[in-house]
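A short worksheet on the structure shown next.
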Amino acid sequence: MRLPLLFFLFILAIYSNAQQLVLPGDHPDPSVVKIGDEYWAAGTTSNWFPAFTLYRSRDLVSWTAAGHVFTKMPGWAGYYMWAPEISYDNGKVYIYYAARKKEGSMCIAAAVAHQPEGPYRDLGPLMCEADGSIDAFPVRDEKGKLHILWKEDGNSAGKPTPIWAAEMKEDRTGLIGRKRELFRADMPWERGLVEGVSVIRHRDYFYAFYAGAACCGRTCSYGTGVARSKSLYGPWEKYPGNPVLIGNSKWKCPGHGTPVEKDGRFYFLYHAYSTGSDVYAGRQGLLNEFEFTADGWLRFLNQPDETEAVMSHTINDHFSADRLAGNWHWSIFREVNCSVAGNTLKLQALPVACGAYIGQSVLTSDYEAQVTLLGKSSSAAGLALIGDDRNMVAATLYNGMLRLTQLKQDKAEVLAEKKINRPVRLVFKVKVVNNTQAFFTYSMDGRKFHTLNNLPADIYYLPPWDRALRVGLVSKGDIGNAAFFKDFVLKNR
């Protein structure tokens with residue numbers, strides 16, 4: 001299914017010398033490049049699909065969504081679409097990314113387009129080590145030869161995580177010669193793991209930004225380090241003051257980003273978890289200015305508590321376009337079939353425990369969502385809080401029975417149910433408090449709401465380790481059945 005351009009603009013106050021939230025919501029491992037007079041960015045989607053949402057901006061602060069790199073999976077890839085690195089070289093746009101090979105390990109690969117919005121043509125895997133290869137970054141050495149850097153994913157097997165480099169063909173279809181190690185984790189704060197390397201060259205040095213320690217989830221310990229070398233192949237020297245970015249009272253576990261220059265000033269686009277919305281909103285995109293110092297290193301200009309909180313933001317989708325808006329995502333493992341016509345979304349059912357679902361990222365710890373379900377729906381359908389295929393809480397209507405069902409590690413449990421007369425339409429609403437308690441209500445007329453669950457549903461368990469929670473729509477049942485929705489609203493408070 002081809003998706004339209006999505007307008008997604010967030011206005012934030014601009015403060016000099018500060019970290020800024022510029023890509024709210026679930027945008028891990030953000031990458032950025034300047035193409036013409038615009039900046040383009042992309043981030044990890046993992047097991048959400050479509051893969052790698054693209055964003056464009058003229059100022060690095062206000063971003064507009066501009067489609068996706070992949071609306072159909074590359075033939076060789078199975079899942080875990082990670083760390084897209086967007087670059088521009090000799091008139092072409094390249095996306096370097098990682099994915100798990102079907103019946104294989106994680107591989108780094110490349111795709112190419114003639115313009116940043118695509119379409120992209122996949123070029124296939126470049127490196128597939130036994131323990132996995134991830135976090136690719138292209139760079140030209142001091143002689144102008146093209147190379148690719150990546151991390152060997154040794155931590156997945158309890159091994160070290162060396163950062164490798166190898167020369168790459170100019171058409172990006174393969175590597176040349178042997179790989180050579182640049183550096184690996186050898187400092188206490190790195191906790192045996194380095195990854196997410198990106199490089200900028202300035203005066204006499206290549207500077208490598210890299211992440212160390214654990215990236216994801218409630219127990220993350222990520223930080224950002226810097227290393228330098230006068231030659232791409234070293235020797236590399238790590239900054240004695242590492243880590244250069246660590247968590248503070250507003251943001252925790254900062255790392256895995258890309259440096260970029262704008263008007264003679266330098267910025268780093270990277271991710272971190274909000275200490276307020278925590279893992280539920282995911283790893284969000286921050287911008288931080290840095291400068292090069294007289295001793296040949298660099299320093300960030302942020303102050304510890306100068307970050308701005310995300311502003312209230314409401315999403316209204318009246319399904320008024322001729323296709324599904326691009327801010328909806330679904331499971332990479334499911335063939336989701338939906339269509340939009342006459343201000344109505346039709347979501348075909350799937351006969352699995354999680355059903356067919358689509359969702360949108362939340363931004364805050366307290367939020368409300370609602371949607372209208374039409375009575376002509378033939379599937380068990382409604383409103384859901386979604387972790388993944390195995391974990392969700394969903395309020396559905398089917399054959400006059402309202403049910404609130406918890407799916408936890410594939411085990412389904414009915415939390416509440418009520419028998420009602422079959423309505424012409426039914427409005428579902430959910431209110432989430434502190435990311436943990438969910439209260440579901442319903443209404444026949446959109447004005448008077450009735451409680452579905454007297455006790456709050458506990459949603460603490462929902463987010464996967466590497467992704468954020470979604471709120472969205474679900475349709476369960478036999479093939480051929482479908483749900484019909486109108487007027488989805490998500491209010492982040």
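Every chain in the structure tokens has a letter given in the order shown (A, B, ...), and although residue numbers restart at 1 in each chain, ligands are simply numbered from 1 in the order shown.
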
What are the closest atom pairs, with distances in Å to one decimal, for all residues of range 149-209 of chain A lying within 10 Å of range 281-302 of chain A? Consider only C-alpha atoms, order rows by chain and residue number, and present the result as a Markdown table.
```
| residue | atom | partner | partner_atom | distance |
| --- | --- | --- | --- | --- |
| A:His202 | CA | A:Phe292 | CA | 8.6 |
| A:Arg203 | CA | A:Gly296 | CA | 9.1 |
| A:Asp204 | CA | A:Gly296 | CA | 8.5 |
| A:Tyr205 | CA | A:Gly296 | CA | 8.0 |
| A:Tyr207 | CA | A:Trp297 | CA | 8.4 |
```

>> I want to know what sits within 7 Å of Phe206 in chain A, based on only C-alpha atoms, with residues of the same chain fewer than 4 positions away left out; could you give that as a count of residues only?
In response: 9

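Minimum distance to Asp153 in chain A across A:Ala130, A:Asn343, A:Leu245, A:Ile315 (counting only C-alpha atoms) occurs at A:Ala130.
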
>> Need the shell around Glu103 in chain A: protein/DNA/RNA residues with any atom at most 12 Å away, counting only C-alpha atoms. Skip same-chain ones fewer than 4 positions apart. Format as number ranges by chain?
In response: A: 76-79, 99, 107, 128, 130

Kindly export the residues of the current selection with C-alpha atoms, as an mmCIF file, in the first residue's frame.
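As a result, out.cif now contains:
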```cif
data_model
loop_
_atom_site.group_PDB
_atom_site.id
_atom_site.type_symbol
_atom_site.label_atom_id
_atom_site.label_comp_id
_atom_site.auth_asym_id
_atom_site.auth_seq_id
_atom_site.Cartn_x
_atom_site.Cartn_y
_atom_site.Cartn_z
ATOM 1 C CA TRP A 76 16.049 -10.580 1.473
ATOM 2 C CA ALA A 77 14.935 -9.032 4.807
ATOM 3 C CA GLY A 78 12.715 -10.482 7.497
ATOM 4 C CA TYR A 79 12.356 -7.984 10.338
ATOM 5 C CA ALA A 99 17.783 -5.795 8.971
ATOM 6 C CA CYS A 107 23.028 -7.504 8.024
ATOM 7 C CA CYS A 128 26.327 -10.293 7.351
ATOM 8 C CA ALA A 130 27.646 -14.532 12.159
#
```

>> Could you check the closest approach to Ala136 in chain A for each of A:Gly212, A:Pro351, A:Gly359, A:Gly196 and tell me which residue wins, using only C-alpha atoms?
In response: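 Closest residue, counting only C-alpha atoms: A:Gly196.
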
> What is the distance, in Å and to one decimal place, between CA of Leu374 in chain A and CA of Thr436 in chain A?
Replying inline: 28.9 Å

> Per DSSP on the backbone, what are the strand (DSSP E) residues of range 241-347 of chain A, as a PyMOL selection string?
Replying inline: chain A and resi 251-262+265-274+283-292+298-300+313-317+330-331+338-341+344-347

> Which residue, A:Phe439, A:Tyr273, A:Phe266, A:Phe183, has the smallest gap to Pro254 in chain A when you use only C-alpha atoms?
Replying inline: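 Closest to Pro254 in chain A, using only C-alpha atoms: A:Tyr273.
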
>> With DSSP run on the backbone, what are the helix (DSSP H, G or I) residues within range 3-185 of chain A? I'd like them as JSON, numbers by chain.
In response: {"A": [154, 155, 156, 157]}

Got time to write the residues from that selection, C-alpha atoms, as an mmCIF file, in the first residue's frame?
```
data_model
loop_
_atom_site.group_PDB
_atom_site.id
_atom_site.type_symbol
_atom_site.label_atom_id
_atom_site.label_comp_id
_atom_site.auth_asym_id
_atom_site.auth_seq_id
_atom_site.Cartn_x
_atom_site.Cartn_y
_atom_site.Cartn_z
ATOM 1 C CA GLY A 154 28.753 -9.288 19.363
ATOM 2 C CA ASN A 155 26.744 -8.315 22.438
ATOM 3 C CA SER A 156 23.887 -10.430 21.026
ATOM 4 C CA ALA A 157 26.128 -13.445 21.710
#
```

Mind checking which residues fall within 8 Å of range 375-383 of chain A, counting only C-alpha atoms, ignoring those fewer than 5 positions away in the same chain, and posting them as a short mmCIF file (atom, residue, chain, number, x, y, z; two decimals) with C-alpha atoms, in the first residue's frame?
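Contents of part.cif, as written:
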```
data_model
loop_
_atom_site.label_atom_id
_atom_site.label_comp_id
_atom_site.auth_asym_id
_atom_site.auth_seq_id
_atom_site.Cartn_x
_atom_site.Cartn_y
_atom_site.Cartn_z
CA ALA A 349 -9.79 -8.52 9.88
CA GLN A 370 -11.19 7.93 20.83
CA ALA A 394 -8.14 -3.78 23.35
CA ALA A 395 -11.77 -2.72 23.75
CA THR A 396 -13.85 -4.34 21.00
CA LEU A 397 -17.46 -4.82 19.95
CA TYR A 398 -18.72 -8.00 18.28
CA ARG A 422 -26.31 -3.45 18.34
CA PRO A 423 -25.70 0.25 17.69
CA VAL A 424 -25.57 2.20 14.45
CA ARG A 425 -22.25 3.49 15.69
CA LEU A 426 -20.27 3.31 18.90
CA PHE A 428 -14.74 4.07 22.10
CA LYS A 429 -12.57 6.21 24.35
CA VAL A 430 -9.50 5.43 26.44
CA VAL A 471 -2.57 3.64 20.44
CA GLY A 472 -4.70 2.53 17.55
CA LEU A 473 -7.40 0.45 15.92
CA VAL A 474 -7.90 -3.29 15.79
CA SER A 475 -9.99 -5.69 13.67
CA LYS A 476 -10.15 -9.39 14.60
CA GLY A 477 -11.99 -12.15 12.78
CA ASP A 478 -12.13 -14.38 9.75
CA ASN A 481 -14.72 -9.58 7.71
CA ALA A 482 -13.88 -5.93 8.29
CA ALA A 483 -14.24 -2.97 10.63
CA PHE A 484 -15.29 0.53 9.63
#
```
